[in-house]
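K.L.:
If it helps, the file is called coords07.pdb and holds PDB, C-alpha atoms:
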```pdb
MODEL        1
ATOM      1  CA  MET H   6       0.000   0.000   0.000
ATOM      2  CA  ALA H   7       1.331   3.449  -0.962
ATOM      3  CA  THR H   8       2.033   5.794   1.912
ATOM      4  CA  GLU H   9      -0.307   8.730   2.206
ATOM      5  CA  HIS H  10       0.758  12.007   0.591
ATOM      6  CA  LYS H  11       1.726  14.780   3.029
ATOM      7  CA  ALA H  12       1.510  18.531   2.557
ATOM      8  CA  GLY H  13       1.628  21.587   4.739
ATOM      9  CA  PHE H  14       2.369  25.255   5.188
ATOM     10  CA  VAL H  15       5.620  26.011   6.980
ATOM     11  CA  ASN H  16       5.844  29.645   8.020
ATOM     12  CA  ILE H  17       9.146  31.235   8.934
ATOM     13  CA  VAL H  18       8.987  34.043  11.498
ATOM     14  CA  GLY H  19      11.498  35.975  13.561
ATOM     15  CA  ASN H  20      13.221  39.322  13.919
ATOM     16  CA  PRO H  21      15.037  41.057  11.072
ATOM     17  CA  ASN H  22      18.626  40.053  10.261
ATOM     18  CA  VAL H  23      18.681  36.647  11.949
ATOM     19  CA  GLY H  24      19.155  34.837   8.637
ATOM     20  CA  LYS H  25      15.573  33.852   7.751
ATOM     21  CA  SER H  26      16.100  34.304   4.020
ATOM     22  CA  THR H  27      19.381  32.408   4.017
ATOM     23  CA  LEU H  28      17.730  29.555   5.883
ATOM     24  CA  MET H  29      14.756  29.632   3.556
ATOM     25  CA  ASN H  30      16.990  29.478   0.483
ATOM     26  CA  ASP H  31      18.901  26.591   2.017
ATOM     27  CA  LEU H  32      15.754  24.625   2.904
ATOM     28  CA  VAL H  33      14.167  25.212  -0.478
ATOM     29  CA  GLY H  34      17.467  24.784  -2.281
ATOM     30  CA  GLU H  35      17.443  23.608  -5.849
ATOM     31  CA  ARG H  36      14.186  21.815  -5.255
ATOM     32  CA  VAL H  37      11.938  24.801  -5.806
ATOM     33  CA  SER H  38       9.475  23.836  -8.465
ATOM     34  CA  ILE H  39       7.156  26.771  -8.139
ATOM     35  CA  ILE H  40       8.588  30.110  -7.272
ATOM     36  CA  THR H  41       5.994  32.286  -5.599
ATOM     37  CA  ASN H  42       2.362  32.222  -6.160
ATOM     38  CA  LYS H  43      -0.136  34.580  -4.659
ATOM     39  CA  ALA H  44      -2.225  32.130  -2.684
ATOM     40  CA  GLN H  45      -5.893  32.373  -3.492
ATOM     41  CA  THR H  46      -7.020  31.862   0.098
ATOM     42  CA  THR H  47      -6.258  34.071   3.064
ATOM     43  CA  ARG H  48      -2.792  32.619   3.216
ATOM     44  CA  HIS H  49      -0.142  35.148   2.432
ATOM     45  CA  ARG H  50       2.513  35.201  -0.220
ATOM     46  CA  ILE H  51       4.269  31.930  -0.778
ATOM     47  CA  MET H  52       7.962  32.028  -1.359
ATOM     48  CA  GLY H  53       9.033  28.512  -2.184
ATOM     49  CA  ILE H  54       7.441  25.140  -2.674
ATOM     50  CA  VAL H  55       9.353  21.909  -2.282
ATOM     51  CA  ASN H  56       7.809  18.990  -4.145
ATOM     52  CA  THR H  57       8.649  15.323  -4.051
ATOM     53  CA  PRO H  58       6.342  12.423  -4.971
ATOM     54  CA  GLU H  59       5.668  11.882  -1.237
ATOM     55  CA  TYR H  60       5.139  15.441  -0.011
ATOM     56  CA  GLN H  61       4.742  19.125  -0.749
ATOM     57  CA  ILE H  62       6.087  21.784   1.615
ATOM     58  CA  VAL H  63       4.872  25.336   1.146
ATOM     59  CA  PHE H  64       7.431  27.622   2.756
ATOM     60  CA  SER H  65       6.650  31.228   3.397
ATOM     61  CA  ASP H  66       8.962  33.812   4.765
ATOM     62  CA  THR H  67       7.459  36.766   6.613
ATOM     63  CA  PRO H  68       8.733  40.298   7.182
ATOM     64  CA  GLY H  69      10.939  40.520  10.256
ATOM     65  CA  VAL H  70       8.922  41.213  13.367
ATOM     66  CA  LEU H  71       9.470  44.725  14.617
ATOM     67  CA  VAL H  72       7.745  47.210  16.863
ATOM     68  CA  PRO H  73       5.899  49.317  14.303
ATOM     69  CA  LYS H  74       6.931  52.956  13.911
ATOM     70  CA  TYR H  75       4.605  53.802  11.030
ATOM     71  CA  LYS H  76       1.618  52.474   9.127
ATOM     72  CA  LEU H  77       3.473  50.247   6.667
ATOM     73  CA  GLN H  78       5.278  48.505   9.513
ATOM     74  CA  GLU H  79       1.977  47.953  11.302
ATOM     75  CA  SER H  80       0.729  46.054   8.278
ATOM     76  CA  MET H  81       4.002  44.092   8.125
ATOM     77  CA  LEU H  82       3.565  43.080  11.757
ATOM     78  CA  GLU H  83      -0.002  41.973  11.019
ATOM     79  CA  PHE H  84       1.460  39.875   8.212
ATOM     80  CA  SER H  85       3.870  38.168  10.621
ATOM     81  CA  GLU H  86       1.159  37.651  13.228
ATOM     82  CA  GLY H  87      -1.108  36.273  10.497
ATOM     83  CA  ALA H  88       1.590  33.703   9.815
ATOM     84  CA  LEU H  89       0.968  32.291  13.280
ATOM     85  CA  THR H  90      -2.643  31.500  12.492
ATOM     86  CA  ASP H  91      -2.359  29.545   9.281
ATOM     87  CA  ALA H  92       0.778  27.471   9.687
ATOM     88  CA  ASP H  93       0.923  23.691   9.982
ATOM     89  CA  ILE H  94       4.468  24.071  11.305
ATOM     90  CA  LEU H  95       6.073  27.236  12.609
ATOM     91  CA  LEU H  96       9.783  27.929  12.294
ATOM     92  CA  TYR H  97      10.866  30.613  14.738
ATOM     93  CA  VAL H  98      14.300  31.796  13.662
ATOM     94  CA  THR H  99      16.675  33.564  15.999
ATOM     95  CA  ASP H 100      20.466  33.640  16.257
ATOM     96  CA  VAL H 101      23.165  33.434  18.923
ATOM     97  CA  ILE H 102      23.539  37.226  19.161
ATOM     98  CA  GLU H 103      19.921  38.232  19.628
ATOM     99  CA  ASP H 104      18.481  39.083  23.014
ATOM    100  CA  PRO H 105      15.566  36.674  23.616
ATOM    101  CA  VAL H 106      13.667  39.378  25.555
ATOM    102  CA  LYS H 107      13.270  41.429  22.364
ATOM    103  CA  ASN H 108       9.647  41.333  21.123
ATOM    104  CA  ALA H 109       8.349  39.522  24.186
ATOM    105  CA  ASP H 110       4.732  40.079  23.062
ATOM    106  CA  PHE H 111       5.230  38.247  19.812
ATOM    107  CA  LEU H 112       7.128  35.434  21.549
ATOM    108  CA  ALA H 113       4.285  35.044  24.045
ATOM    109  CA  LYS H 114       1.976  34.399  21.073
ATOM    110  CA  VAL H 115       4.422  31.856  19.636
ATOM    111  CA  ALA H 116       4.592  30.113  23.031
ATOM    112  CA  LYS H 117       0.806  29.611  22.959
ATOM    113  CA  GLU H 118       0.860  27.976  19.535
ATOM    114  CA  THR H 119      -0.818  24.598  19.202
ATOM    115  CA  VAL H 120       1.033  23.650  16.005
ATOM    116  CA  PRO H 121       4.587  22.281  16.228
ATOM    117  CA  VAL H 122       7.119  25.060  16.747
ATOM    118  CA  LEU H 123      10.701  24.485  15.642
ATOM    119  CA  LEU H 124      13.073  26.993  17.204
ATOM    120  CA  VAL H 125      16.018  27.549  14.903
ATOM    121  CA  ILE H 126      19.027  29.150  16.608
ATOM    122  CA  ASN H 127      21.056  30.306  13.632
ATOM    123  CA  LYS H 128      24.687  31.474  13.253
ATOM    124  CA  ILE H 129      26.110  28.982  15.745
ATOM    125  CA  ASP H 130      29.376  29.253  13.820
ATOM    126  CA  LEU H 131      29.833  32.463  15.878
ATOM    127  CA  VAL H 132      29.666  30.700  19.272
ATOM    128  CA  LYS H 133      32.945  30.415  21.174
ATOM    129  CA  SER H 134      32.214  27.270  23.209
ATOM    130  CA  GLN H 135      29.806  24.393  23.732
ATOM    131  CA  GLN H 136      28.919  25.847  27.138
ATOM    132  CA  GLU H 137      27.935  29.178  25.570
ATOM    133  CA  LEU H 138      25.641  27.358  23.148
ATOM    134  CA  GLU H 139      24.069  25.318  25.973
ATOM    135  CA  ASP H 140      23.367  28.535  27.908
ATOM    136  CA  ILE H 141      21.679  30.106  24.879
ATOM    137  CA  VAL H 142      19.542  27.004  24.323
ATOM    138  CA  ALA H 143      18.539  26.951  28.010
ATOM    139  CA  ARG H 144      17.421  30.596  27.915
ATOM    140  CA  TRP H 145      15.276  29.946  24.865
ATOM    141  CA  LYS H 146      13.764  26.799  26.392
ATOM    142  CA  GLU H 147      12.439  28.951  29.244
ATOM    143  CA  ILE H 148      10.730  31.288  26.775
ATOM    144  CA  LEU H 149       9.432  28.636  24.361
ATOM    145  CA  PRO H 150       9.183  25.453  26.474
ATOM    146  CA  ASN H 151       7.228  23.500  23.860
ATOM    147  CA  ALA H 152       9.520  24.230  20.940
ATOM    148  CA  GLU H 153      12.019  21.748  19.510
ATOM    149  CA  VAL H 154      15.405  23.419  19.296
ATOM    150  CA  PHE H 155      17.631  23.228  16.221
ATOM    151  CA  PRO H 156      21.004  24.976  16.530
ATOM    152  CA  THR H 157      22.039  25.700  12.935
ATOM    153  CA  SER H 158      24.325  27.642  10.712
ATOM    154  CA  ALA H 159      22.411  28.279   7.498
ATOM    155  CA  LYS H 160      25.486  29.873   5.980
ATOM    156  CA  GLU H 161      27.564  26.727   6.620
ATOM    157  CA  HIS H 162      24.588  24.419   5.909
ATOM    158  CA  PHE H 163      25.051  22.951   9.382
ATOM    159  CA  ASN H 164      22.114  20.923  10.782
ATOM    160  CA  VAL H 165      19.772  22.155   8.035
ATOM    161  CA  THR H 166      19.293  18.618   6.697
ATOM    162  CA  ASN H 167      18.104  17.418  10.126
ATOM    163  CA  LEU H 168      15.728  20.366  10.321
ATOM    164  CA  MET H 169      14.329  19.508   6.907
ATOM    165  CA  SER H 170      13.840  15.832   7.878
ATOM    166  CA  ARG H 171      11.928  16.899  10.985
ATOM    167  CA  ILE H 172       9.681  19.198   8.945
ATOM    168  CA  VAL H 173       8.850  16.294   6.628
ATOM    169  CA  GLU H 174       8.071  14.048   9.641
ATOM    170  CA  LEU H 175       5.697  16.660  11.058
ATOM    171  CA  LEU H 176       3.784  17.343   7.835
ATOM    172  CA  PRO H 177       0.114  16.388   8.070
ATOM    173  CA  PRO H 178      -1.398  13.931   5.579
ATOM    174  CA  SER H 179      -2.913  16.050   2.808
ATOM    175  CA  PRO H 180      -3.153  16.238  -0.971
ATOM    176  CA  PRO H 181      -0.895  18.897  -2.505
ATOM    177  CA  TYR H 182      -2.162  22.487  -2.301
ATOM    178  CA  PHE H 183      -0.537  23.474  -5.579
ATOM    179  CA  GLY H 184       0.171  21.728  -8.861
ATOM    180  CA  LYS H 185       3.297  19.622  -8.802
ATOM    181  CA  ASP H 186       4.217  20.414 -12.380
ATOM    182  CA  ALA H 187       7.414  22.212 -13.249
ATOM    183  CA  LEU H 188       7.703  25.960 -13.125
ATOM    184  CA  THR H 189       6.326  27.868 -16.079
ATOM    185  CA  ASP H 190       7.658  31.368 -16.565
ATOM    186  CA  LYS H 191       4.323  32.905 -15.523
ATOM    187  CA  PRO H 192       4.844  32.777 -11.761
ATOM    188  CA  ALA H 193       8.253  34.453 -12.043
ATOM    189  CA  ARG H 194       6.881  37.243 -14.240
ATOM    190  CA  PHE H 195       3.810  37.456 -12.063
ATOM    191  CA  PHE H 196       6.002  37.997  -9.043
ATOM    192  CA  VAL H 197       7.934  40.765 -10.778
ATOM    193  CA  THR H 198       4.716  42.611 -11.652
ATOM    194  CA  GLU H 199       3.521  42.229  -8.042
ATOM    195  CA  ILE H 200       6.728  43.783  -6.696
ATOM    196  CA  ILE H 201       6.591  46.719  -9.124
ATOM    197  CA  ARG H 202       2.912  47.201  -8.376
ATOM    198  CA  GLU H 203       3.628  47.213  -4.641
ATOM    199  CA  LYS H 204       6.240  49.952  -5.115
ATOM    200  CA  ILE H 205       3.708  52.011  -7.074
ATOM    201  CA  LEU H 206       1.260  51.533  -4.214
ATOM    202  CA  LEU H 207       3.825  52.723  -1.676
ATOM    203  CA  ASN H 208       5.158  55.694  -3.641
ATOM    204  CA  TYR H 209       2.031  57.297  -5.102
ATOM    205  CA  ASP H 210      -1.281  58.178  -3.585
ATOM    206  CA  LYS H 211      -4.872  58.809  -4.654
ATOM    207  CA  GLU H 212      -6.004  57.081  -7.813
ATOM    208  CA  ILE H 213      -2.580  56.472  -9.349
ATOM    209  CA  PRO H 214      -1.975  52.917  -8.043
ATOM    210  CA  TYR H 215      -5.457  51.840  -9.119
ATOM    211  CA  SER H 216      -5.081  53.267 -12.611
ATOM    212  CA  ALA H 217      -1.731  51.596 -13.164
ATOM    213  CA  GLU H 218      -1.135  48.153 -14.602
ATOM    214  CA  VAL H 219       2.265  46.505 -14.931
ATOM    215  CA  ILE H 220       3.140  44.155 -17.777
ATOM    216  CA  VAL H 221       6.472  42.350 -18.025
ATOM    217  CA  GLU H 222       7.388  42.413 -21.711
ATOM    218  CA  LYS H 223      10.758  40.763 -21.412
ATOM    219  CA  PHE H 224      12.143  38.334 -18.833
ATOM    220  CA  GLU H 225      15.503  36.900 -19.869
ATOM    221  CA  GLU H 226      17.267  34.834 -17.270
ATOM    222  CA  SER H 227      20.850  33.669 -17.443
ATOM    223  CA  GLU H 228      22.791  31.817 -14.774
ATOM    224  CA  LYS H 229      23.832  34.961 -12.912
ATOM    225  CA  ALA H 230      21.471  37.711 -13.996
ATOM    226  CA  ILE H 231      17.964  38.550 -15.150
ATOM    227  CA  HIS H 232      17.100  41.221 -17.708
ATOM    228  CA  ILE H 233      13.576  42.523 -17.221
ATOM    229  CA  MET H 234      11.702  45.049 -19.280
ATOM    230  CA  ALA H 235       8.369  46.150 -17.829
ATOM    231  CA  VAL H 236       5.746  48.671 -18.901
ATOM    232  CA  ILE H 237       3.559  50.600 -16.484
ATOM    233  CA  TYR H 238       0.269  51.414 -18.221
ATOM    234  CA  VAL H 239      -1.844  54.340 -17.008
ATOM    235  CA  GLU H 240      -5.081  55.825 -18.304
ATOM    236  CA  ARG H 241      -4.145  59.492 -18.799
ATOM    237  CA  ASP H 242      -1.183  61.662 -19.788
ATOM    238  CA  SER H 243      -1.367  63.492 -16.448
ATOM    239  CA  GLN H 244      -0.932  60.162 -14.651
ATOM    240  CA  LYS H 245       2.046  59.342 -16.842
ATOM    241  CA  GLY H 246       3.657  62.605 -15.730
ATOM    242  CA  ILE H 247       3.083  61.801 -12.060
ATOM    243  CA  ILE H 248       4.488  58.258 -12.421
ATOM    244  CA  ILE H 249       7.639  59.550 -14.142
ATOM    245  CA  GLY H 250       8.108  62.517 -11.777
ATOM    246  CA  ARG H 251      10.336  65.540 -12.274
ATOM    247  CA  GLY H 252      13.300  64.582 -14.407
ATOM    248  CA  GLY H 253      12.303  60.923 -14.109
ATOM    249  CA  SER H 254      12.968  60.940 -10.336
ATOM    250  CA  MET H 255       9.862  59.005  -9.265
ATOM    251  CA  LEU H 256      10.179  56.305 -11.906
ATOM    252  CA  LYS H 257      13.818  55.903 -10.958
ATOM    253  CA  ARG H 258      12.885  55.467  -7.291
ATOM    254  CA  VAL H 259      10.247  52.835  -8.082
ATOM    255  CA  GLY H 260      12.726  51.039 -10.350
ATOM    256  CA  THR H 261      15.463  51.004  -7.714
ATOM    257  CA  GLU H 262      13.192  49.763  -4.922
ATOM    258  CA  ALA H 263      11.648  47.085  -7.156
ATOM    259  CA  ARG H 264      15.013  45.930  -8.477
ATOM    260  CA  LYS H 265      16.355  45.416  -4.933
ATOM    261  CA  ASP H 266      13.376  43.259  -3.977
ATOM    262  CA  ILE H 267      13.493  41.277  -7.219
ATOM    263  CA  GLU H 268      17.214  40.632  -6.698
ATOM    264  CA  LYS H 269      16.601  39.506  -3.134
ATOM    265  CA  PHE H 270      13.903  37.167  -4.300
ATOM    266  CA  PHE H 271      15.733  35.524  -7.197
ATOM    267  CA  ASP H 272      19.150  35.831  -5.571
ATOM    268  CA  LYS H 273      20.602  37.158  -8.830
ATOM    269  CA  SER H 274      21.561  40.546 -10.150
ATOM    270  CA  VAL H 275      18.722  42.176 -12.064
ATOM    271  CA  TYR H 276      18.760  44.725 -14.865
ATOM    272  CA  LEU H 277      15.322  46.351 -14.785
ATOM    273  CA  GLU H 278      14.019  48.740 -17.436
ATOM    274  CA  LEU H 279      10.721  50.523 -16.749
ATOM    275  CA  PHE H 280       8.636  52.371 -19.312
ATOM    276  CA  VAL H 281       5.350  54.243 -18.906
ATOM    277  CA  LYS H 282       2.622  54.147 -21.576
ATOM    278  CA  VAL H 283      -0.853  55.642 -21.723
ATOM    279  CA  GLU H 284      -3.679  53.226 -22.488
ATOM    280  CA  PRO H 285      -6.888  55.305 -22.230
ATOM    281  CA  ASN H 286      -9.655  53.843 -20.105
ATOM    282  CA  TRP H 287      -8.052  50.378 -20.033
ATOM    283  CA  ARG H 288     -10.049  49.356 -16.946
ATOM    284  CA  ASN H 289     -13.262  49.422 -18.981
ATOM    285  CA  ARG H 290     -12.012  47.890 -22.217
ATOM    286  CA  GLU H 291     -12.541  44.173 -22.512
ATOM    287  CA  ASN H 292      -9.763  43.591 -25.054
ATOM    288  CA  LYS H 293      -7.272  45.356 -22.754
ATOM    289  CA  LEU H 294      -8.458  43.487 -19.667
ATOM    290  CA  LYS H 295      -7.999  40.261 -21.625
ATOM    291  CA  SER H 296      -4.495  41.157 -22.723
ATOM    292  CA  PHE H 297      -3.632  42.101 -19.122
ATOM    293  CA  GLY H 298      -4.853  38.684 -17.957
ATOM    294  CA  TYR H 299      -7.927  39.800 -16.023
ATOM    295  CA  ILE H 300     -10.427  38.061 -18.273
ATOM    296  CA  GLU H 301      -9.950  34.544 -19.532
TER     297      GLU H 301
ENDMDL
END
```
Let's see the structure in the file written out as structure tokens.
P.N.:
Amino acid sequence: MATEHKAGFVNIVGNPNVGKSTLMNDLVGERVSIITNKAQTTRHRIMGIVNTPEYQIVFSDTPGVLVPKYKLQESMLEFSEGALTDADILLYVTDVIEDPVKNADFLAKVAKETVPVLLVINKIDLVKSQQELEDIVARWKEILPNAEVFPTSAKEHFNVTNLMSRIVELLPPSPPYFGKDALTDKPARFFVTEIIREKILLNYDKEIPYSAEVIVEKFEESEKAIHIMAVIYVERDSQKGIIIGRGGSMLKRVGTEARKDIEKFFDKSVYLELFVKVEPNWRNRENKLKSFGYIE
């Protein structure tokens, strides 16, 4: 009898700069078969899916937890707290330098979790002695008594294989949440448009973000770099002027911010060209909505 297929959402949370992305890249490794998909349910953005015939792991990385200083950070914190509610397995990532008392409120929520919590203490290559490591582990055990502790060094790939094996053991029986076919280029392009669109949302106000549509016209990937050409469509000339900004300053800012995020995501250098075109009243034109992928 074939063993039952397992699948689950593994959410990675923790403070900024503890190595969450490095760990994520190491866990997902070369086995990513779908890179990012905007989940259709209330689950947040998915960063990497590991597929084998026996299981599917949906990893998602969250923004680092921080005490919010302004509105955007409040929404980022909500995103991280949301990750607590819809995980099958929670990976709390810290490192040997961090003070465990930092963000006590968030940790108190993690401590109450009913799903398995794996506490990853990263960067143990920086520890001077075994005793020092044991002291760090003991402090964390007081804060998260139910968590399983995994001292790791994501950079050195130390103990990551054991962590991965434990994740697979803990996965609940479930059919896959996403197709197990190989990656088409749509998700990658889709992700690029989402990043650019997010930067438009953050940098412009009023109706601009809602009148803008982003289309990736060129996505050429080599081993070390990606060349992307994208067009931002707006409905009116006045909007085009606002998007571009004085002397091109605004468009340059959007391009720079988007390029950094795209590079972080693909872990490659990115050459991003942005253009702005006017497409009058595109939101009400069926042929345009079709070409932009809104209508089948």
K.L.:
The PyMOL selection byres ((chain H and resi 104-117) around 6) - which residues does that actually catch in the file I just gave you? List them as a PDB file with C-alpha atoms, in the coordinates of the input.
P.N.:
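Writing the result to result-v7.pdb gives the following:
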```pdb
ATOM      1  CA  GLU H 103      19.921  38.232  19.628  1.00  0.00           C
ATOM      2  CA  GLU H 118       0.860  27.976  19.535  1.00  0.00           C
ATOM      3  CA  LEU H 149       9.432  28.636  24.361  1.00  0.00           C
TER       4      LEU H 149
END
```
K.L.:
Provide the atom CA of Arg241 of chain H to atom CA of Lys293 of chain H distance in Å, to one decimal place.
P.N.:
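About the pair atom CA of Arg241 of chain H and atom CA of Lys293 of chain H: they are 15.0 Å apart.
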K.L.:
Nearest residue to Phe297 of chain H out of H:Asp272, H:Asp266, H:Glu212, H:Glu218, using only C-alpha atoms?
P.N.:
H:Glu218
K.L.:
Quick check, in Å to one decimal: how far apart do atom CA of Phe280 of chain H and atom CA of Ile237 of chain H lie?
P.N.:
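Computing the Euclidean distance for atom CA of Phe280 of chain H and atom CA of Ile237 of chain H yields 6.1 Å.
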K.L.:
What residues come out when you apply the PyMOL selection byres ((chain H and resi 153-169) around 7) to this file, written as a ChimeraX atom specification?
P.N.:
/H:27-28,31-32,122-130,151-152,170-173
K.L.:
Output the selection as a CSV table (one decimal), keeping the file's coordinate frame - C-alpha atoms for each residue.
P.N.:
```
chain,number,residue,atom,x,y,z
H,27,THR,CA,19.4,32.4,4.0
H,28,LEU,CA,17.7,29.6,5.9
H,31,ASP,CA,18.9,26.6,2.0
H,32,LEU,CA,15.8,24.6,2.9
H,122,VAL,CA,7.1,25.1,16.7
H,123,LEU,CA,10.7,24.5,15.6
H,124,LEU,CA,13.1,27.0,17.2
H,125,VAL,CA,16.0,27.5,14.9
H,126,ILE,CA,19.0,29.2,16.6
H,127,ASN,CA,21.1,30.3,13.6
H,128,LYS,CA,24.7,31.5,13.3
H,129,ILE,CA,26.1,29.0,15.7
H,130,ASP,CA,29.4,29.3,13.8
H,151,ASN,CA,7.2,23.5,23.9
H,152,ALA,CA,9.5,24.2,20.9
H,170,SER,CA,13.8,15.8,7.9
H,171,ARG,CA,11.9,16.9,11.0
H,172,ILE,CA,9.7,19.2,8.9
H,173,VAL,CA,8.8,16.3,6.6
```
K.L.:
Please indicate the distance in Å from atom CA of Gln244 of chain H to atom CA of Lys204 of chain H, rounded to one decimal place.
P.N.:
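Taking atom CA of Gln244 of chain H and atom CA of Lys204 of chain H, their separation equals 15.7 Å.
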K.L.:
Name the residues in contact with Ala235 of chain H at a cut-off of 10 Å, using only C-alpha atoms, excluding same-chain residues fewer than 6 positions from it; report them as a PyMOL selection string.
P.N.:
chain H and resi 194+197-198+201+219-224+260+277-281
K.L.:
Would you save the residues from that selection as a PDB file, in the coordinates of the input, using C-alpha atoms?
P.N.:
```pdb
ATOM      1  CA  ARG H 194       6.881  37.243 -14.240  1.00  0.00           C
ATOM      2  CA  VAL H 197       7.934  40.765 -10.778  1.00  0.00           C
ATOM      3  CA  THR H 198       4.716  42.611 -11.652  1.00  0.00           C
ATOM      4  CA  ILE H 201       6.591  46.719  -9.124  1.00  0.00           C
ATOM      5  CA  VAL H 219       2.265  46.505 -14.931  1.00  0.00           C
ATOM      6  CA  ILE H 220       3.140  44.155 -17.777  1.00  0.00           C
ATOM      7  CA  VAL H 221       6.472  42.350 -18.025  1.00  0.00           C
ATOM      8  CA  GLU H 222       7.388  42.413 -21.711  1.00  0.00           C
ATOM      9  CA  LYS H 223      10.758  40.763 -21.412  1.00  0.00           C
ATOM     10  CA  PHE H 224      12.143  38.334 -18.833  1.00  0.00           C
ATOM     11  CA  GLY H 260      12.726  51.039 -10.350  1.00  0.00           C
ATOM     12  CA  LEU H 277      15.322  46.351 -14.785  1.00  0.00           C
ATOM     13  CA  GLU H 278      14.019  48.740 -17.436  1.00  0.00           C
ATOM     14  CA  LEU H 279      10.721  50.523 -16.749  1.00  0.00           C
ATOM     15  CA  PHE H 280       8.636  52.371 -19.312  1.00  0.00           C
ATOM     16  CA  VAL H 281       5.350  54.243 -18.906  1.00  0.00           C
TER      17      VAL H 281
END
```
K.L.:
As a ChimeraX atom specification, please: the residues near Ile249 of chain H (cut-off 12 Å, all atoms listed in the file, same-chain neighbours under 2 positions excluded).
P.N.:
/H:205,208-209,213,237-239,242-247,251-260,279-282
K.L.:
Would you pick out the contacts of Pro177 of chain H at 10 Å or less, using all atoms listed in the file, so that residues sharing its chain but fewer than 6 positions from it are not included, and give the list as a PDB file with C-alpha atoms, in the frame of the given file?
P.N.:
```pdb
ATOM      1  CA  GLU H   9      -0.307   8.730   2.206  1.00  0.00           C
ATOM      2  CA  HIS H  10       0.758  12.007   0.591  1.00  0.00           C
ATOM      3  CA  LYS H  11       1.726  14.780   3.029  1.00  0.00           C
ATOM      4  CA  ALA H  12       1.510  18.531   2.557  1.00  0.00           C
ATOM      5  CA  GLY H  13       1.628  21.587   4.739  1.00  0.00           C
ATOM      6  CA  PHE H  14       2.369  25.255   5.188  1.00  0.00           C
ATOM      7  CA  TYR H  60       5.139  15.441  -0.011  1.00  0.00           C
ATOM      8  CA  ASP H  93       0.923  23.691   9.982  1.00  0.00           C
ATOM      9  CA  ILE H  94       4.468  24.071  11.305  1.00  0.00           C
TER      10      ILE H  94
END
```
